[in-house]
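Asker: Okay, so here is target01.cif, and as you'll see once you scroll down, it has mmCIF, C-alpha atoms.
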data_start
#
loop_
_atom_site.label_atom_id
_atom_site.label_comp_id
_atom_site.auth_asym_id
_atom_site.auth_seq_id
_atom_site.Cartn_x
_atom_site.Cartn_y
_atom_site.Cartn_z
CA MET A 1 -11.23 106.08 -60.90
CA ASN A 2 -7.55 106.79 -61.35
CA ALA A 3 -4.55 107.96 -59.35
CA LYS A 4 -1.22 109.47 -60.35
CA GLY A 5 1.59 110.68 -58.16
CA LYS A 6 5.14 110.57 -56.90
CA VAL A 7 6.17 107.43 -55.05
CA PHE A 8 7.27 107.12 -51.44
CA LYS A 9 8.69 103.62 -51.00
CA TYR A 10 8.99 101.59 -47.82
CA GLY A 11 10.20 98.10 -46.94
CA SER A 12 8.51 95.05 -45.44
CA ASP A 13 6.56 94.66 -42.21
CA ILE A 14 5.59 98.31 -41.78
CA ASP A 15 3.24 98.01 -38.84
CA THR A 16 0.40 100.25 -37.76
CA ASP A 17 2.55 101.64 -34.91
CA VAL A 18 4.92 103.05 -37.54
CA ILE A 19 2.08 104.30 -39.73
CA ILE A 20 0.49 106.13 -36.79
CA PRO A 21 2.27 105.83 -33.44
CA ALA A 22 0.04 104.76 -30.53
CA ARG A 23 0.86 107.94 -28.58
CA TYR A 24 -1.38 109.87 -31.01
CA LEU A 25 -4.41 107.59 -30.78
CA ASN A 26 -6.07 109.80 -28.18
CA THR A 27 -7.48 111.91 -31.02
CA SER A 28 -10.00 111.07 -33.71
CA ASP A 29 -9.10 114.22 -35.69
CA ALA A 30 -8.00 112.88 -39.08
CA LYS A 31 -5.81 115.92 -39.82
CA GLU A 32 -4.00 115.55 -36.50
CA LEU A 33 -3.43 111.86 -37.21
CA ALA A 34 -2.16 112.68 -40.71
CA SER A 35 0.39 115.14 -39.30
CA HIS A 36 2.06 112.19 -37.54
CA CYS A 37 1.76 109.63 -40.36
CA MET A 38 4.94 107.52 -40.73
CA GLU A 39 6.58 109.66 -38.04
CA ASP A 40 8.37 106.69 -36.48
CA SER A 41 9.66 105.23 -39.77
CA LYS A 42 13.23 104.13 -39.01
CA GLN A 43 13.87 104.24 -42.77
CA ASP A 44 13.06 107.96 -42.87
CA ILE A 45 14.75 108.74 -39.55
CA ASN A 46 17.97 106.92 -40.52
CA ALA A 47 18.03 108.73 -43.87
CA GLY A 48 17.70 112.09 -42.08
CA LEU A 49 14.49 112.93 -43.94
CA THR A 50 11.95 115.46 -42.78
CA PRO A 51 8.68 113.88 -41.63
CA PHE A 52 6.65 112.05 -44.27
CA SER A 53 3.63 114.27 -43.62
CA THR A 54 5.64 117.34 -44.66
CA ARG A 55 6.92 115.74 -47.88
CA VAL A 56 3.84 113.99 -49.23
CA LYS A 57 1.56 115.90 -51.61
CA GLU A 58 -2.06 115.32 -52.57
CA GLY A 59 -2.23 112.37 -54.97
CA ASP A 60 1.15 110.82 -54.12
CA ILE A 61 1.44 107.05 -53.91
CA LEU A 62 2.91 104.90 -51.17
CA VAL A 63 4.64 101.67 -52.27
CA ALA A 64 5.80 98.99 -49.85
CA GLU A 65 7.22 95.49 -49.84
CA LYS A 66 5.31 92.72 -48.03
CA ASN A 67 3.01 92.64 -45.00
CA PHE A 68 2.19 96.36 -45.02
CA GLY A 69 -0.10 97.38 -42.16
CA CYS A 70 0.65 94.48 -39.85
CA GLY A 71 0.14 94.90 -36.11
CA SER A 72 -2.83 96.46 -34.34
CA SER A 73 -6.18 96.49 -36.10
CA ARG A 74 -6.74 100.23 -35.91
CA GLU A 75 -8.54 102.20 -38.62
CA HIS A 76 -6.38 105.18 -37.63
CA ALA A 77 -3.54 103.85 -39.82
CA PRO A 78 -5.25 103.92 -43.24
CA LEU A 79 -7.09 107.09 -42.22
CA ALA A 80 -3.80 108.87 -41.48
CA ILE A 81 -2.39 107.76 -44.85
CA LYS A 82 -5.49 108.87 -46.76
CA THR A 83 -5.74 112.21 -44.95
CA CYS A 84 -2.07 112.94 -45.73
CA GLY A 85 -3.12 113.00 -49.38
CA VAL A 86 -1.93 109.54 -50.47
CA SER A 87 -4.14 108.42 -53.34
CA CYS A 88 -3.18 104.74 -53.33
CA VAL A 89 -0.98 102.21 -51.55
CA ILE A 90 0.66 99.46 -53.62
CA ALA A 91 2.38 96.56 -51.86
CA LYS A 92 3.40 92.97 -52.43
CA THR A 93 1.05 91.96 -49.60
CA PHE A 94 -1.06 93.64 -46.93
CA ALA A 95 -2.03 92.52 -43.48
CA ARG A 96 -5.62 91.27 -43.77
CA ILE A 97 -7.20 93.66 -41.28
CA PHE A 98 -5.33 96.66 -42.75
CA TYR A 99 -6.67 95.72 -46.19
CA ARG A 100 -10.25 95.66 -44.93
CA ASN A 101 -9.85 98.84 -42.87
CA SER A 102 -8.45 100.63 -45.93
CA ILE A 103 -11.48 99.77 -48.03
CA ASN A 104 -13.78 100.70 -45.12
CA ILE A 105 -12.35 104.24 -44.99
CA GLY A 106 -12.05 104.60 -48.78
CA LEU A 107 -8.27 104.22 -49.26
CA PRO A 108 -7.48 102.31 -52.48
CA ILE A 109 -4.83 99.63 -52.00
CA MET A 110 -3.48 97.18 -54.55
CA GLU A 111 -1.31 94.08 -54.35
CA CYS A 112 1.19 93.71 -57.19
CA PRO A 113 4.62 92.22 -56.41
CA ALA A 114 6.03 92.83 -59.91
CA ALA A 115 5.14 96.53 -59.78
CA VAL A 116 6.71 96.88 -56.33
CA ASP A 117 9.94 95.32 -57.63
CA ASP A 118 10.09 97.81 -60.52
CA ILE A 119 9.00 101.00 -58.75
CA LYS A 120 11.61 103.19 -57.03
CA ALA A 121 11.19 106.07 -54.61
CA GLY A 122 10.52 109.27 -56.54
CA ASP A 123 9.10 107.53 -59.62
CA ILE A 124 5.83 108.80 -61.06
CA VAL A 125 3.18 106.09 -61.08
CA SER A 126 -0.37 106.03 -62.39
CA VAL A 127 -3.05 103.54 -61.40
CA ASN A 128 -6.29 102.70 -63.18
CA PHE A 129 -8.55 101.21 -60.53
CA ASP A 130 -11.13 100.04 -63.10
CA THR A 131 -8.64 97.86 -65.00
CA GLY A 132 -6.03 97.25 -62.29
CA VAL A 133 -3.22 98.55 -64.53
CA ILE A 134 -0.33 100.14 -62.67
CA THR A 135 2.05 102.14 -64.88
CA ASN A 136 5.47 103.27 -63.76
CA GLU A 137 5.67 106.33 -65.96
CA THR A 138 9.33 106.79 -65.04
CA SER A 139 10.44 103.36 -66.28
CA GLY A 140 7.68 102.96 -68.88
CA HIS A 141 6.66 99.56 -67.49
CA SER A 142 3.07 98.51 -66.83
CA PHE A 143 1.77 95.84 -64.49
CA GLN A 144 -1.54 94.10 -64.00
CA ALA A 145 -3.04 93.99 -60.52
CA ALA A 146 -6.49 92.68 -59.75
CA PRO A 147 -9.00 95.49 -60.29
CA PHE A 148 -11.48 96.25 -57.53
CA PRO A 149 -14.85 94.61 -58.02
CA PRO A 150 -17.64 97.15 -58.66
CA PHE A 151 -19.00 97.00 -55.10
CA MET A 152 -15.55 97.89 -53.68
CA GLN A 153 -15.08 100.66 -56.26
CA ASN A 154 -18.41 102.05 -55.08
CA ILE A 155 -17.31 102.00 -51.42
CA ILE A 156 -14.02 103.75 -52.27
CA ALA A 157 -15.73 106.30 -54.55
CA LYS A 158 -18.14 107.22 -51.73
CA GLY A 159 -15.22 107.80 -49.35
CA GLY A 160 -15.68 104.62 -47.35
CA LEU A 161 -18.30 102.20 -46.11
CA VAL A 162 -19.98 104.53 -43.61
CA ASN A 163 -20.42 107.25 -46.25
CA LYS A 164 -21.79 104.71 -48.71
CA ILE A 165 -24.37 103.47 -46.21
CA LYS A 166 -25.34 107.01 -45.17
CA GLY A 167 -25.90 107.84 -48.85
CA GLU A 168 -28.16 104.82 -49.28
CA LEU A 169 -30.16 105.67 -46.15
CA ASN A 170 -30.69 109.24 -47.36
CA LYS A 171 -32.20 108.17 -50.68
#
So that I can check it, write out the structure of this file as structure tokens.

Answerer:
Amino acid sequence: MNAKGKVFKYGSDIDTDVIIPARYLNTSDAKELASHCMEDSKQDINAGLTPFSTRVKEGDILVAEKNFGCGSSREHAPLAIKTCGVSCVIAKTFARIFYRNSINIGLPIMECPAAVDDIKAGDIVSVNFDTGVITNETSGHSFQAAPFPPFMQNIIAKGGLVNKIKGELNK
């Protein structure tokens, strides 16, 4: 499994209320959630940018500093990111529950502080999930993150834990 895309970069302590504001949690429609992904990002608002969901393209990569996904333990946050088209999130660190929720819904996430320090917004980055190699194709630098163990790769490849279990039950 691999990913390659343009980078959208965010700072530290991006909480789940920024990723998907609580006022939209009355829907379980993934596309509706995705249309509001990162809507309350002060970074984007202060820069005068159009909403994240209108700028991100299928396969793009989100990169953040530390403690990405802190706050409420809602699966809506990684689901909104994945449904927007983001193929991978790379951060220095993730909030524990966000990490687990991401795997559960099939969103690949990787911790790699050195890569985060090198990668800039707009760079093109590729990720090899089998080896854990993250390559900033813009700078030419490569970084080693921990690859997903096979059981996690299987969950992600199936689109999340529920889909994996459904597939096993239908055998």

Asker: What is the distance between atom CA of A:Gly122 and atom CA of A:Lys158, in Å to one decimal?

Answerer: 29.1 Å

Asker: On this structure, which residues satisfy the PyMOL selection byres ((chain A and resi 141) around 12), written as number ranges by chain?

Answerer: A: 114-119, 123-126, 133-140, 142-144

Asker: Enumerate, as a list in words, the residues matched when the PyMOL selection byres ((chain A and resi 152) around 12) is run on the file above.

Answerer: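 The output of the PyMOL selection byres ((chain A and resi 152) around 12) on this file is Met1, Tyr99, Arg100, Ser102, Ile103, Asn104, Ile105, Gly106, Leu107, Pro108, Ile109, Phe129, Asp130, Pro147, Phe148, Pro149, Pro150, Phe151, Gln153, Asn154, Ile155, Ile156, Ala157, Lys158, Gly159, Gly160, Leu161 and Lys164 of chain A.
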
Asker: Excluding stretch 67-78 of chain A and any residue of its chain fewer than 3 positions from it, enumerate the residues within 7 Å of it, using all atoms listed in the file, and give them as a compact mmCIF listing (two decimals) with C-alpha atoms, keeping the file's coordinate frame.

Answerer:
# COMPACT_ATOMS: atom_id res chain seq x y z
CA SER A 12 8.51 95.05 -45.44
CA ASP A 13 6.56 94.66 -42.21
CA ILE A 14 5.59 98.31 -41.78
CA ASP A 15 3.24 98.01 -38.84
CA THR A 16 0.40 100.25 -37.76
CA ILE A 19 2.08 104.30 -39.73
CA ILE A 20 0.49 106.13 -36.79
CA ALA A 64 5.80 98.99 -49.85
CA ILE A 81 -2.39 107.76 -44.85
CA LYS A 82 -5.49 108.87 -46.76
CA ALA A 91 2.38 96.56 -51.86
CA THR A 93 1.05 91.96 -49.60
CA PHE A 94 -1.06 93.64 -46.93
CA ALA A 95 -2.03 92.52 -43.48
CA ILE A 97 -7.20 93.66 -41.28
CA PHE A 98 -5.33 96.66 -42.75
CA ASN A 101 -9.85 98.84 -42.87
CA SER A 102 -8.45 100.63 -45.93
CA LEU A 107 -8.27 104.22 -49.26

Asker: In Å, with one decimal, what is the gap from atom CA of A:Lys42 to atom CA of A:Ala145?

Answerer: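 Straight-line distance from atom CA of A:Lys42 to atom CA of A:Ala145 works out to 28.8 Å.
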
Asker: Could you give me stretch 101-121 of chain A completed to N, CA and C atoms, formatted as a tab-separated table (two decimals), in the coordinates of the input?

Answerer:
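Wrote it out as result.tsv, contents follow:
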chain	number	residue	atom	x	y	z
A	101	ASN	N	-9.69	97.50	-43.42
A	101	ASN	CA	-9.85	98.84	-42.87
A	101	ASN	C	-9.63	99.91	-43.94
A	102	SER	N	-8.71	99.67	-44.85
A	102	SER	CA	-8.45	100.63	-45.93
A	102	SER	C	-9.68	100.79	-46.82
A	103	ILE	N	-10.27	99.70	-47.21
A	103	ILE	CA	-11.48	99.77	-48.03
A	103	ILE	C	-12.59	100.46	-47.23
A	104	ASN	N	-12.72	100.11	-45.96
A	104	ASN	CA	-13.78	100.70	-45.12
A	104	ASN	C	-13.69	102.22	-45.03
A	105	ILE	N	-12.47	102.78	-45.08
A	105	ILE	CA	-12.35	104.24	-44.99
A	105	ILE	C	-12.14	104.88	-46.37
A	106	GLY	N	-12.13	104.06	-47.42
A	106	GLY	CA	-12.05	104.60	-48.78
A	106	GLY	C	-10.64	104.85	-49.29
A	107	LEU	N	-9.65	104.11	-48.77
A	107	LEU	CA	-8.27	104.22	-49.26
A	107	LEU	C	-8.00	103.08	-50.23
A	108	PRO	N	-7.78	103.38	-51.52
A	108	PRO	CA	-7.48	102.31	-52.48
A	108	PRO	C	-6.12	101.68	-52.21
A	109	ILE	N	-6.09	100.36	-52.16
A	109	ILE	CA	-4.83	99.63	-52.00
A	109	ILE	C	-4.80	98.49	-53.01
A	110	MET	N	-3.61	98.21	-53.53
A	110	MET	CA	-3.48	97.18	-54.55
A	110	MET	C	-2.26	96.31	-54.28
A	111	GLU	N	-2.42	95.01	-54.47
A	111	GLU	CA	-1.31	94.08	-54.35
A	111	GLU	C	-0.76	93.78	-55.74
A	112	CYS	N	0.55	94.01	-55.91
A	112	CYS	CA	1.19	93.71	-57.19
A	112	CYS	C	2.70	93.61	-57.00
A	113	PRO	N	3.19	92.40	-56.68
A	113	PRO	CA	4.62	92.22	-56.41
A	113	PRO	C	5.53	92.69	-57.54
A	114	ALA	N	5.17	92.44	-58.78
A	114	ALA	CA	6.03	92.83	-59.91
A	114	ALA	C	6.17	94.35	-60.00
A	115	ALA	N	5.08	95.06	-59.75
A	115	ALA	CA	5.14	96.53	-59.78
A	115	ALA	C	6.03	97.04	-58.66
A	116	VAL	N	5.89	96.47	-57.47
A	116	VAL	CA	6.71	96.88	-56.33
A	116	VAL	C	8.19	96.69	-56.64
A	117	ASP	N	8.53	95.57	-57.29
A	117	ASP	CA	9.94	95.32	-57.63
A	117	ASP	C	10.49	96.35	-58.61
A	118	ASP	N	9.65	96.87	-59.49
A	118	ASP	CA	10.09	97.81	-60.52
A	118	ASP	C	10.12	99.26	-60.02
A	119	ILE	N	9.19	99.61	-59.17
A	119	ILE	CA	9.00	101.00	-58.75
A	119	ILE	C	10.05	101.42	-57.73
A	120	LYS	N	10.62	102.60	-57.94
A	120	LYS	CA	11.61	103.19	-57.03
A	120	LYS	C	11.03	104.44	-56.39
A	121	ALA	N	11.59	104.82	-55.26
A	121	ALA	CA	11.19	106.07	-54.61
A	121	ALA	C	11.41	107.22	-55.58
